[in-house]
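Here's entry-v9.pdb, which has PDB, C-alpha atoms:
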ATOM      1  CA  MET A   1      -8.378  -0.710 -12.613  1.00  0.00           C
ATOM      2  CA  SER A   2      -5.552   1.756 -13.106  1.00  0.00           C
ATOM      3  CA  MET A   3      -5.569   5.313 -11.856  1.00  0.00           C
ATOM      4  CA  LYS A   4      -7.104   8.180 -13.814  1.00  0.00           C
ATOM      5  CA  VAL A   5      -6.528  11.887 -13.364  1.00  0.00           C
ATOM      6  CA  ALA A   6      -8.760  14.796 -14.342  1.00  0.00           C
ATOM      7  CA  ILE A   7      -7.295  18.263 -13.911  1.00  0.00           C
ATOM      8  CA  ARG A   8      -9.304  21.457 -13.402  1.00  0.00           C
ATOM      9  CA  GLN A   9      -8.690  24.985 -12.179  1.00  0.00           C
ATOM     10  CA  VAL A  10     -10.778  26.697  -9.512  1.00  0.00           C
ATOM     11  CA  ASP A  11      -9.880  30.182  -8.267  1.00  0.00           C
ATOM     12  CA  GLY A  12      -6.206  29.738  -9.144  1.00  0.00           C
ATOM     13  CA  ILE A  13      -5.985  26.320  -7.512  1.00  0.00           C
ATOM     14  CA  THR A  14      -5.088  23.286  -9.612  1.00  0.00           C
ATOM     15  CA  ILE A  15      -7.290  20.399  -8.590  1.00  0.00           C
ATOM     16  CA  LEU A  16      -6.375  16.852  -9.571  1.00  0.00           C
ATOM     17  CA  ASP A  17      -9.369  14.521  -9.314  1.00  0.00           C
ATOM     18  CA  LEU A  18      -7.851  11.060  -8.909  1.00  0.00           C
ATOM     19  CA  SER A  19      -9.786   7.826  -9.331  1.00  0.00           C
ATOM     20  CA  GLY A  20      -8.865   4.159  -9.150  1.00  0.00           C
ATOM     21  CA  ARG A  21      -5.799   2.642  -7.523  1.00  0.00           C
ATOM     22  CA  ILE A  22      -2.525   4.305  -6.572  1.00  0.00           C
ATOM     23  CA  THR A  23      -0.227   1.298  -6.491  1.00  0.00           C
ATOM     24  CA  LEU A  24       3.271   0.260  -7.517  1.00  0.00           C
ATOM     25  CA  GLY A  25       3.661   0.747 -11.245  1.00  0.00           C
ATOM     26  CA  GLU A  26       1.134   2.519 -13.382  1.00  0.00           C
ATOM     27  CA  GLY A  27      -0.873   4.264 -10.656  1.00  0.00           C
ATOM     28  CA  SER A  28       2.147   5.708  -8.860  1.00  0.00           C
ATOM     29  CA  ILE A  29       3.762   6.749 -12.140  1.00  0.00           C
ATOM     30  CA  THR A  30       0.579   8.476 -13.312  1.00  0.00           C
ATOM     31  CA  LEU A  31       0.403  10.466 -10.093  1.00  0.00           C
ATOM     32  CA  ARG A  32       4.096  11.395 -10.279  1.00  0.00           C
ATOM     33  CA  ASP A  33       3.842  12.504 -13.919  1.00  0.00           C
ATOM     34  CA  SER A  34       0.648  14.472 -13.310  1.00  0.00           C
ATOM     35  CA  VAL A  35       2.104  16.439 -10.402  1.00  0.00           C
ATOM     36  CA  ARG A  36       5.324  17.015 -12.341  1.00  0.00           C
ATOM     37  CA  ASP A  37       3.330  18.315 -15.332  1.00  0.00           C
ATOM     38  CA  VAL A  38       1.225  20.805 -13.387  1.00  0.00           C
ATOM     39  CA  LEU A  39       4.329  22.029 -11.545  1.00  0.00           C
ATOM     40  CA  ALA A  40       6.119  22.483 -14.882  1.00  0.00           C
ATOM     41  CA  LYS A  41       3.171  24.521 -16.134  1.00  0.00           C
ATOM     42  CA  GLY A  42       3.573  26.879 -13.193  1.00  0.00           C
ATOM     43  CA  SER A  43       0.917  25.620 -10.781  1.00  0.00           C
ATOM     44  CA  LYS A  44       2.014  26.188  -7.205  1.00  0.00           C
ATOM     45  CA  LYS A  45      -1.257  25.504  -5.381  1.00  0.00           C
ATOM     46  CA  ILE A  46      -2.277  21.906  -5.880  1.00  0.00           C
ATOM     47  CA  LEU A  47      -5.214  20.048  -4.385  1.00  0.00           C
ATOM     48  CA  LEU A  48      -5.317  16.258  -4.727  1.00  0.00           C
ATOM     49  CA  ASN A  49      -8.887  14.981  -4.581  1.00  0.00           C
ATOM     50  CA  LEU A  50      -8.679  11.373  -3.389  1.00  0.00           C
ATOM     51  CA  GLY A  51     -12.430  10.830  -3.038  1.00  0.00           C
ATOM     52  CA  GLN A  52     -12.549   8.234  -5.830  1.00  0.00           C
ATOM     53  CA  ILE A  53      -9.380   6.378  -4.870  1.00  0.00           C
ATOM     54  CA  THR A  54     -10.374   2.780  -4.229  1.00  0.00           C
ATOM     55  CA  TYR A  55      -7.013   1.439  -3.076  1.00  0.00           C
ATOM     56  CA  ILE A  56      -3.562   2.678  -2.186  1.00  0.00           C
ATOM     57  CA  ASP A  57      -0.482   0.649  -1.264  1.00  0.00           C
ATOM     58  CA  SER A  58       2.838   1.625   0.307  1.00  0.00           C
ATOM     59  CA  SER A  59       4.153   2.778  -3.072  1.00  0.00           C
ATOM     60  CA  GLY A  60       1.111   5.006  -3.468  1.00  0.00           C
ATOM     61  CA  ILE A  61       1.611   6.432   0.010  1.00  0.00           C
ATOM     62  CA  GLY A  62       5.242   7.076  -0.882  1.00  0.00           C
ATOM     63  CA  GLU A  63       4.158   8.811  -4.070  1.00  0.00           C
ATOM     64  CA  LEU A  64       1.852  11.124  -2.105  1.00  0.00           C
ATOM     65  CA  VAL A  65       4.793  11.994   0.145  1.00  0.00           C
ATOM     66  CA  SER A  66       7.048  12.584  -2.868  1.00  0.00           C
ATOM     67  CA  ALA A  67       4.403  14.823  -4.436  1.00  0.00           C
ATOM     68  CA  PHE A  68       4.145  16.779  -1.197  1.00  0.00           C
ATOM     69  CA  THR A  69       7.911  17.343  -0.992  1.00  0.00           C
ATOM     70  CA  SER A  70       8.225  18.121  -4.734  1.00  0.00           C
ATOM     71  CA  VAL A  71       5.568  20.823  -4.523  1.00  0.00           C
ATOM     72  CA  LYS A  72       6.983  22.191  -1.286  1.00  0.00           C
ATOM     73  CA  ASN A  73      10.522  22.294  -2.711  1.00  0.00           C
ATOM     74  CA  SER A  74       9.135  24.230  -5.685  1.00  0.00           C
ATOM     75  CA  GLY A  75       7.765  26.842  -3.327  1.00  0.00           C
ATOM     76  CA  GLY A  76       4.194  25.621  -3.605  1.00  0.00           C
ATOM     77  CA  GLU A  77       1.524  24.055  -1.467  1.00  0.00           C
ATOM     78  CA  LEU A  78      -0.131  20.658  -1.778  1.00  0.00           C
ATOM     79  CA  LYS A  79      -3.262  19.687   0.119  1.00  0.00           C
ATOM     80  CA  LEU A  80      -5.384  16.537   0.188  1.00  0.00           C
ATOM     81  CA  LEU A  81      -9.148  16.435  -0.234  1.00  0.00           C
ATOM     82  CA  ASN A  82     -11.829  13.816   0.463  1.00  0.00           C
ATOM     83  CA  LEU A  83      -9.850  10.955   1.969  1.00  0.00           C
ATOM     84  CA  THR A  84     -11.658   7.632   2.002  1.00  0.00           C
ATOM     85  CA  GLN A  85     -11.742   5.904   5.372  1.00  0.00           C
ATOM     86  CA  LYS A  86      -9.068   3.457   4.240  1.00  0.00           C
ATOM     87  CA  VAL A  87      -6.672   6.164   3.057  1.00  0.00           C
ATOM     88  CA  HIS A  88      -7.380   8.128   6.220  1.00  0.00           C
ATOM     89  CA  ASP A  89      -6.523   5.084   8.347  1.00  0.00           C
ATOM     90  CA  LEU A  90      -3.308   4.450   6.410  1.00  0.00           C
ATOM     91  CA  LEU A  91      -2.160   8.039   6.841  1.00  0.00           C
ATOM     92  CA  GLN A  92      -2.957   7.777  10.551  1.00  0.00           C
ATOM     93  CA  ILE A  93      -0.932   4.640  11.205  1.00  0.00           C
ATOM     94  CA  THR A  94       1.998   5.912   9.129  1.00  0.00           C
ATOM     95  CA  LYS A  95       1.884   9.221  11.053  1.00  0.00           C
ATOM     96  CA  LEU A  96       1.457  11.127   7.794  1.00  0.00           C
ATOM     97  CA  TYR A  97      -1.945  12.532   8.654  1.00  0.00           C
ATOM     98  CA  THR A  98      -0.273  15.376  10.521  1.00  0.00           C
ATOM     99  CA  VAL A  99       2.171  15.991   7.671  1.00  0.00           C
ATOM    100  CA  PHE A 100      -0.504  16.594   5.060  1.00  0.00           C
ATOM    101  CA  ASP A 101      -3.055  19.365   5.150  1.00  0.00           C
ATOM    102  CA  VAL A 102      -6.262  17.341   4.797  1.00  0.00           C
ATOM    103  CA  TRP A 103      -9.728  18.679   3.948  1.00  0.00           C
ATOM    104  CA  ASP A 104     -13.133  17.142   3.391  1.00  0.00           C
ATOM    105  CA  ASN A 105     -14.726  20.175   1.757  1.00  0.00           C
ATOM    106  CA  GLU A 106     -13.457  21.540  -1.545  1.00  0.00           C
ATOM    107  CA  ALA A 107     -14.506  25.154  -0.989  1.00  0.00           C
ATOM    108  CA  SER A 108     -12.822  25.226   2.415  1.00  0.00           C
ATOM    109  CA  ALA A 109      -9.672  23.650   1.017  1.00  0.00           C
ATOM    110  CA  ILE A 110      -9.494  26.265  -1.746  1.00  0.00           C
ATOM    111  CA  THR A 111      -9.927  29.072   0.765  1.00  0.00           C
ATOM    112  CA  ALA A 112      -7.154  27.592   2.924  1.00  0.00           C
ATOM    113  CA  PHE A 113      -4.486  28.102   0.265  1.00  0.00           C
ATOM    114  CA  GLY A 114      -2.380  31.136   1.090  1.00  0.00           C
TER     115      GLY A 114
ATOM    116  CA  MET B 115     -19.610 -19.143   7.793  1.00  0.00           C
ATOM    117  CA  PRO B 116     -15.855 -19.703   7.675  1.00  0.00           C
ATOM    118  CA  ASP B 117     -14.583 -22.831   6.014  1.00  0.00           C
ATOM    119  CA  SER B 118     -13.038 -24.795   8.902  1.00  0.00           C
ATOM    120  CA  THR B 119     -11.322 -27.379   6.713  1.00  0.00           C
ATOM    121  CA  THR B 120      -7.679 -26.958   5.786  1.00  0.00           C
ATOM    122  CA  SER B 121      -7.203 -25.478   2.341  1.00  0.00           C
ATOM    123  CA  ARG B 122      -3.903 -24.898   0.587  1.00  0.00           C
ATOM    124  CA  VAL B 123      -2.574 -23.499  -2.645  1.00  0.00           C
ATOM    125  CA  SER B 124       0.944 -22.663  -3.783  1.00  0.00           C
ATOM    126  CA  LEU B 125       1.708 -20.385  -6.725  1.00  0.00           C
ATOM    127  CA  THR B 126       5.045 -20.011  -8.507  1.00  0.00           C
ATOM    128  CA  LEU B 127       5.147 -16.729 -10.365  1.00  0.00           C
ATOM    129  CA  GLY B 128       7.418 -14.463 -12.365  1.00  0.00           C
ATOM    130  CA  SER B 129       8.738 -11.190 -11.004  1.00  0.00           C
ATOM    131  CA  SER B 130       6.046  -8.918 -12.425  1.00  0.00           C
ATOM    132  CA  ILE B 131       3.287  -6.573 -11.330  1.00  0.00           C
ATOM    133  CA  GLU B 132       0.780  -8.983 -12.885  1.00  0.00           C
ATOM    134  CA  SER B 133       2.012 -11.666 -10.474  1.00  0.00           C
ATOM    135  CA  VAL B 134       1.442  -9.303  -7.553  1.00  0.00           C
ATOM    136  CA  ASP B 135      -2.134  -8.807  -8.748  1.00  0.00           C
ATOM    137  CA  THR B 136      -2.600 -12.591  -8.883  1.00  0.00           C
ATOM    138  CA  VAL B 137      -1.290 -12.956  -5.326  1.00  0.00           C
ATOM    139  CA  GLU B 138      -3.546 -10.125  -4.168  1.00  0.00           C
ATOM    140  CA  GLN B 139      -6.647 -11.797  -5.661  1.00  0.00           C
ATOM    141  CA  THR B 140      -5.706 -15.149  -4.118  1.00  0.00           C
ATOM    142  CA  ALA B 141      -5.191 -13.498  -0.737  1.00  0.00           C
ATOM    143  CA  GLU B 142      -8.659 -11.991  -0.923  1.00  0.00           C
ATOM    144  CA  ASP B 143     -10.196 -15.363  -1.804  1.00  0.00           C
ATOM    145  CA  PHE B 144      -8.437 -17.151   1.076  1.00  0.00           C
ATOM    146  CA  ALA B 145      -9.108 -14.404   3.620  1.00  0.00           C
ATOM    147  CA  GLN B 146     -12.804 -14.490   2.795  1.00  0.00           C
ATOM    148  CA  ARG B 147     -12.863 -18.293   2.842  1.00  0.00           C
ATOM    149  CA  ALA B 148     -11.163 -18.234   6.267  1.00  0.00           C
ATOM    150  CA  GLY B 149     -14.088 -16.196   7.559  1.00  0.00           C
ATOM    151  CA  PHE B 150     -12.406 -12.876   8.327  1.00  0.00           C
ATOM    152  CA  ASP B 151     -14.742  -9.912   8.498  1.00  0.00           C
ATOM    153  CA  ALA B 152     -15.131  -7.136   5.949  1.00  0.00           C
ATOM    154  CA  ASP B 153     -12.782  -4.824   7.858  1.00  0.00           C
ATOM    155  CA  THR B 154     -10.019  -7.412   8.239  1.00  0.00           C
ATOM    156  CA  VAL B 155      -9.971  -8.872   4.723  1.00  0.00           C
ATOM    157  CA  PRO B 156      -8.631  -5.680   3.040  1.00  0.00           C
ATOM    158  CA  ASN B 157      -5.902  -5.417   5.663  1.00  0.00           C
ATOM    159  CA  ILE B 158      -4.787  -8.999   5.045  1.00  0.00           C
ATOM    160  CA  VAL B 159      -4.899  -8.403   1.295  1.00  0.00           C
ATOM    161  CA  MET B 160      -2.766  -5.284   1.648  1.00  0.00           C
ATOM    162  CA  ALA B 161      -0.196  -7.075   3.829  1.00  0.00           C
ATOM    163  CA  VAL B 162       0.107  -9.947   1.354  1.00  0.00           C
ATOM    164  CA  ARG B 163       0.352  -7.536  -1.587  1.00  0.00           C
ATOM    165  CA  GLU B 164       3.158  -5.661   0.169  1.00  0.00           C
ATOM    166  CA  ALA B 165       5.002  -8.940   0.784  1.00  0.00           C
ATOM    167  CA  ALA B 166       4.676  -9.878  -2.892  1.00  0.00           C
ATOM    168  CA  ILE B 167       5.921  -6.439  -3.932  1.00  0.00           C
ATOM    169  CA  ASN B 168       8.933  -6.855  -1.663  1.00  0.00           C
ATOM    170  CA  ALA B 169       9.639 -10.220  -3.281  1.00  0.00           C
ATOM    171  CA  ILE B 170       9.676  -8.942  -6.872  1.00  0.00           C
ATOM    172  CA  LEU B 171      11.119  -5.490  -6.194  1.00  0.00           C
ATOM    173  CA  HIS B 172      13.620  -5.810  -3.354  1.00  0.00           C
ATOM    174  CA  GLY B 173      14.146  -9.578  -3.487  1.00  0.00           C
ATOM    175  CA  ASN B 174      14.217 -10.520  -7.158  1.00  0.00           C
ATOM    176  CA  SER B 175      14.890  -6.987  -8.475  1.00  0.00           C
ATOM    177  CA  TYR B 176      12.369  -7.621 -11.294  1.00  0.00           C
ATOM    178  CA  SER B 177      14.753 -10.229 -12.735  1.00  0.00           C
ATOM    179  CA  PRO B 178      12.970 -12.285 -15.410  1.00  0.00           C
ATOM    180  CA  GLU B 179      15.158 -15.261 -14.431  1.00  0.00           C
ATOM    181  CA  LYS B 180      13.889 -15.221 -10.864  1.00  0.00           C
ATOM    182  CA  GLN B 181      10.546 -16.402  -9.583  1.00  0.00           C
ATOM    183  CA  PHE B 182       8.781 -16.229  -6.270  1.00  0.00           C
ATOM    184  CA  THR B 183       6.323 -18.524  -4.575  1.00  0.00           C
ATOM    185  CA  ALA B 184       3.218 -17.598  -2.652  1.00  0.00           C
ATOM    186  CA  SER B 185       1.642 -20.292  -0.486  1.00  0.00           C
ATOM    187  CA  PHE B 186      -1.700 -19.888   1.220  1.00  0.00           C
ATOM    188  CA  GLU B 187      -3.167 -22.103   3.911  1.00  0.00           C
ATOM    189  CA  THR B 188      -6.358 -21.731   5.866  1.00  0.00           C
ATOM    190  CA  SER B 189      -6.995 -23.800   8.953  1.00  0.00           C
ATOM    191  CA  SER B 190      -9.141 -23.666  12.050  1.00  0.00           C
ATOM    192  CA  ASP B 191      -6.520 -21.292  13.492  1.00  0.00           C
ATOM    193  CA  GLY B 192      -6.646 -18.763  10.664  1.00  0.00           C
ATOM    194  CA  LEU B 193      -4.631 -17.928   7.575  1.00  0.00           C
ATOM    195  CA  THR B 194      -0.924 -18.464   6.914  1.00  0.00           C
ATOM    196  CA  VAL B 195       0.771 -16.986   3.848  1.00  0.00           C
ATOM    197  CA  ARG B 196       4.379 -17.634   2.870  1.00  0.00           C
ATOM    198  CA  ILE B 197       6.162 -15.563   0.242  1.00  0.00           C
ATOM    199  CA  CYS B 198       9.602 -16.759  -0.883  1.00  0.00           C
ATOM    200  CA  ASP B 199      11.848 -14.845  -3.245  1.00  0.00           C
ATOM    201  CA  GLN B 200      15.205 -15.718  -4.820  1.00  0.00           C
ATOM    202  CA  GLY B 201      17.024 -12.527  -3.904  1.00  0.00           C
ATOM    203  CA  ALA B 202      20.142 -11.856  -1.859  1.00  0.00           C
ATOM    204  CA  GLY B 203      18.227 -11.686   1.418  1.00  0.00           C
ATOM    205  CA  PHE B 204      18.184  -8.892   3.951  1.00  0.00           C
ATOM    206  CA  ASP B 205      18.363  -8.200   7.656  1.00  0.00           C
ATOM    207  CA  SER B 206      14.880  -7.228   8.802  1.00  0.00           C
ATOM    208  CA  SER B 207      16.253  -5.896  12.090  1.00  0.00           C
ATOM    209  CA  ARG B 208      18.104  -3.158  10.182  1.00  0.00           C
ATOM    210  CA  LEU B 209      15.083  -1.699   8.434  1.00  0.00           C
ATOM    211  CA  PRO B 210      14.701   2.011   9.193  1.00  0.00           C
ATOM    212  CA  ASP B 211      11.690   2.992  11.286  1.00  0.00           C
ATOM    213  CA  PRO B 212       9.284   4.782   8.893  1.00  0.00           C
ATOM    214  CA  LEU B 213       7.686   6.585  11.840  1.00  0.00           C
ATOM    215  CA  ALA B 214      10.947   8.225  12.935  1.00  0.00           C
ATOM    216  CA  PRO B 215      10.864  11.976  12.239  1.00  0.00           C
ATOM    217  CA  GLN B 216      13.888  11.778   9.928  1.00  0.00           C
ATOM    218  CA  ASN B 217      12.165   9.072   7.830  1.00  0.00           C
ATOM    219  CA  LEU B 218       8.625  10.429   7.772  1.00  0.00           C
ATOM    220  CA  LEU B 219       9.013  12.159   4.399  1.00  0.00           C
ATOM    221  CA  ARG B 220      10.809   9.317   2.679  1.00  0.00           C
ATOM    222  CA  GLY B 221       9.135   8.112  -0.480  1.00  0.00           C
ATOM    223  CA  SER B 222       9.546   4.432   0.405  1.00  0.00           C
ATOM    224  CA  GLY B 223      10.170   2.058   3.292  1.00  0.00           C
ATOM    225  CA  ARG B 224       6.642   1.508   4.636  1.00  0.00           C
ATOM    226  CA  GLY B 225       5.878  -1.958   3.228  1.00  0.00           C
ATOM    227  CA  ILE B 226       7.163  -4.119   6.088  1.00  0.00           C
ATOM    228  CA  PHE B 227       5.704  -1.667   8.594  1.00  0.00           C
ATOM    229  CA  LEU B 228       2.230  -2.097   7.054  1.00  0.00           C
ATOM    230  CA  ILE B 229       2.623  -5.883   6.962  1.00  0.00           C
ATOM    231  CA  ARG B 230       3.432  -5.905  10.675  1.00  0.00           C
ATOM    232  CA  ALA B 231       0.552  -3.527  11.402  1.00  0.00           C
ATOM    233  CA  PHE B 232      -2.039  -5.735   9.720  1.00  0.00           C
ATOM    234  CA  MET B 233      -0.910  -9.287  10.561  1.00  0.00           C
ATOM    235  CA  ASP B 234      -0.692 -11.035  13.929  1.00  0.00           C
ATOM    236  CA  GLU B 235       2.657 -12.698  13.268  1.00  0.00           C
ATOM    237  CA  VAL B 236       5.406 -11.877  10.747  1.00  0.00           C
ATOM    238  CA  HIS B 237       8.504 -14.063  10.469  1.00  0.00           C
ATOM    239  CA  PHE B 238      11.565 -13.750   8.245  1.00  0.00           C
ATOM    240  CA  ARG B 239      13.807 -16.666   7.294  1.00  0.00           C
ATOM    241  CA  GLN B 240      16.898 -16.578   5.108  1.00  0.00           C
ATOM    242  CA  LEU B 241      16.875 -19.261   2.418  1.00  0.00           C
ATOM    243  CA  HIS B 242      20.378 -18.855   0.888  1.00  0.00           C
ATOM    244  CA  PRO B 243      19.503 -17.529  -1.551  1.00  0.00           C
ATOM    245  CA  GLY B 244      16.291 -15.712  -0.917  1.00  0.00           C
ATOM    246  CA  THR B 245      13.999 -14.741   1.885  1.00  0.00           C
ATOM    247  CA  GLU B 246      10.886 -16.441   3.204  1.00  0.00           C
ATOM    248  CA  LEU B 247       8.331 -14.138   4.729  1.00  0.00           C
ATOM    249  CA  THR B 248       5.575 -15.828   6.737  1.00  0.00           C
ATOM    250  CA  LEU B 249       2.419 -13.879   7.540  1.00  0.00           C
ATOM    251  CA  ILE B 250      -0.128 -15.254  10.007  1.00  0.00           C
ATOM    252  CA  LYS B 251      -3.558 -13.923  10.851  1.00  0.00           C
ATOM    253  CA  HIS B 252      -5.393 -15.728  13.621  1.00  0.00           C
ATOM    254  CA  ARG B 253      -9.115 -16.092  13.737  1.00  0.00           C
ATOM    255  CA  ALA B 254     -10.613 -14.109  16.571  1.00  0.00           C
ATOM    256  CA  PRO B 255     -11.267 -16.414  19.517  1.00  0.00           C
ATOM    257  CA  ALA B 256     -14.845 -17.641  19.679  1.00  0.00           C
ATOM    258  CA  LYS B 257     -17.060 -15.749  22.046  1.00  0.00           C
ATOM    259  CA  PRO B 258     -18.102 -17.810  25.089  1.00  0.00           C
ATOM    260  CA  VAL B 259     -21.670 -19.015  25.071  1.00  0.00           C
ATOM    261  CA  ALA B 260     -23.724 -17.112  27.658  1.00  0.00           C
TER     262      ALA B 260
END
Rewrite the coordinates I just gave you, this time as structure tokens.
Amino acid sequence: MSMKVAIRQVDGITILDLSGRITLGEGSITLRDSVRDVLAKGSKKILLNLGQITYIDSSGIGELVSAFTSVKNSGGELKLLNLTQKVHDLLQITKLYTVFDVWDNEASAITAFG
Amino acid sequence: MPDSTTSRVSLTLGSSIESVDTVEQTAEDFAQRAGFDADTVPNIVMAVREAAINAILHGNSYSPEKQFTASFETSSDGLTVRICDQGAGFDSSRLPDPLAPQNLLRGSGRGIFLIRAFMDEVHFRQLHPGTELTLIKHRAPAKPVA
């Protein structure tokens, strides 16, 4: 199963609901293109909802990092929402959990954007 | 119950994402057959997938003329997986540490780290040309009978 992205706006925050696998190839490219598109359209506050992500590999982790730095370099903010246990564990062992701003409640995450 | 008999398979595959998916599925089958628990199987599968990705991406550079092999063996000791590519080879001791502060925000370079995190033994061997990566996961020692 490849990755799918649904994009919605809530209180000025662009939320990307991701589902499926973020892996080398299609999944990573879809994530990269989606973040690039919303940035190009002027979104600066981006929330990636990973609640329906079933699998992520090292390429997918790298793509999350690249998305984080792309948004930051554009003067924006990127936060993560609803990590599965597996994604949570992977971010822990790669020491990225402290890099990302991670939330498990959408309303709280939206409020946390500056 | 784990299958205690020795079981082997060797696949020779092209340098494509579809081949990585085949290796991933085979790894899941063998890890389950070897009797690893539900928490360990996904970790083994991820490690093997990362090794296969390294073979096609960094080893064979997606070359259609190059193939890689993936060999799986279960035994009473656990699971051994060997991935061999036909690339130029590399020095595993010179891989940058992905946990170092200066590397933390790099978009790549975590594959070997994850393999080492999830497997009990990881060995590299230069094949001239190519690299053989051996991944071993031992079965947990049996609990003593009370």
Spatial neighbours of range 100-108 of chain A, 12 Å, only C-alpha atoms, chain gap at least 4 places, as number ranges by chain: A: 10-11, 13-17, 46-51, 61, 64-69, 72, 77-85, 87-88, 91-92, 94-96, 112-113; B: 218-219
Of the listed residues A:Ser28, A:Ser74, A:Thr98, A:Thr54, that which approaches Ser222 in chain B most closely, counting only C-alpha atoms: A:Ser28
Nearest residue to Asp153 in chain B from the set A:Asp57, A:Asp89, A:Gly20, A:Arg32 (distances using all atoms listed in the file):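 Checking each of A:Asp57, A:Asp89, A:Gly20, A:Arg32 against Asp153 in chain B, counting all atoms listed in the file, the winner is A:Asp89.
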CA of Thr23 in chain A to CA of Lys4 in chain A, straight-line distance in Å: 12.2 Å
Spatial neighbours of range 200-217 of chain B, 8 Å, only C-alpha atoms, chain gap at least 3 places, as a list in words: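 Residues near the query, excluding close chain neighbours: Thr94 and Lys95 of chain A; Ala169, His172, Gly173, Asn174, Ser175, Lys180, Gln181, Phe182, Arg220, Gly223, Arg224, Phe227, Phe238, Gln240, Leu241, His242, Pro243, Gly244 and Thr245 of chain B.
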Nearby residues (all atoms listed in the file) at most 10 Å from Ala231 in chain B, same-chain spacing under 4 positions excluded, as a count of residues only: 10
Ser133 in chain B environment, 12 Å, only C-alpha atoms, sequence neighbours closer than 6 positions dropped, as a list of chain:residue names: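 The neighbour list is B:Leu125, B:Thr126, B:Leu127, B:Gln139, B:Thr140, B:Arg163, B:Ala165, B:Ala166, B:Ile167, B:Ala169, B:Ile170, B:Leu171, B:Tyr176, B:Gln181, B:Phe182, B:Thr183, B:Ala184.
The coordinates place CA of Ile22 in chain A at 22.3 Å from CA of Gln9 in chain A.
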Minimum-distance residue to chain A, chosen among B:Val123, B:Val162, B:Cys198, B:Ala141 (using only C-alpha atoms):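 Result for the nearest residue to chain A: B:Val162.
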Target residues per the PyMOL selection byres ((chain B and resi 193) around 9), formatted as a list of chain:residue names: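 Output from the PyMOL selection byres ((chain B and resi 193) around 9), applied to this file: B:Phe144, B:Ala145, B:Ala148, B:Phe186, B:Glu187, B:Thr188, B:Ser189, B:Ser190, B:Asp191, B:Gly192, B:Thr194, B:Val195, B:Leu249, B:Ile250, B:Lys251, B:His252, B:Arg253.
Across the model, the gap from CA of Leu18 in chain A to CA of Leu39 in chain A is 16.6 Å.
Nearest residue to chain B among A:Val38, A:Ile7, A:Ile29, A:Val99 is A:Val99, counting all atoms listed in the file.
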Residue with smallest distance to chain A - pool B:Ser121, B:Thr154, B:Ser177, B:Gln146, counting only C-alpha atoms: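 The closest residue to chain A is B:Thr154.
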Nearest to Met160 in chain B by atom-to-atom distance, counting only C-alpha atoms, from A:Ala6, A:Asp33, A:Asn73, A:Ile56: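 Of A:Ala6, A:Asp33, A:Asn73, A:Ile56, the one nearest Met160 in chain B is A:Ile56, counting only C-alpha atoms.
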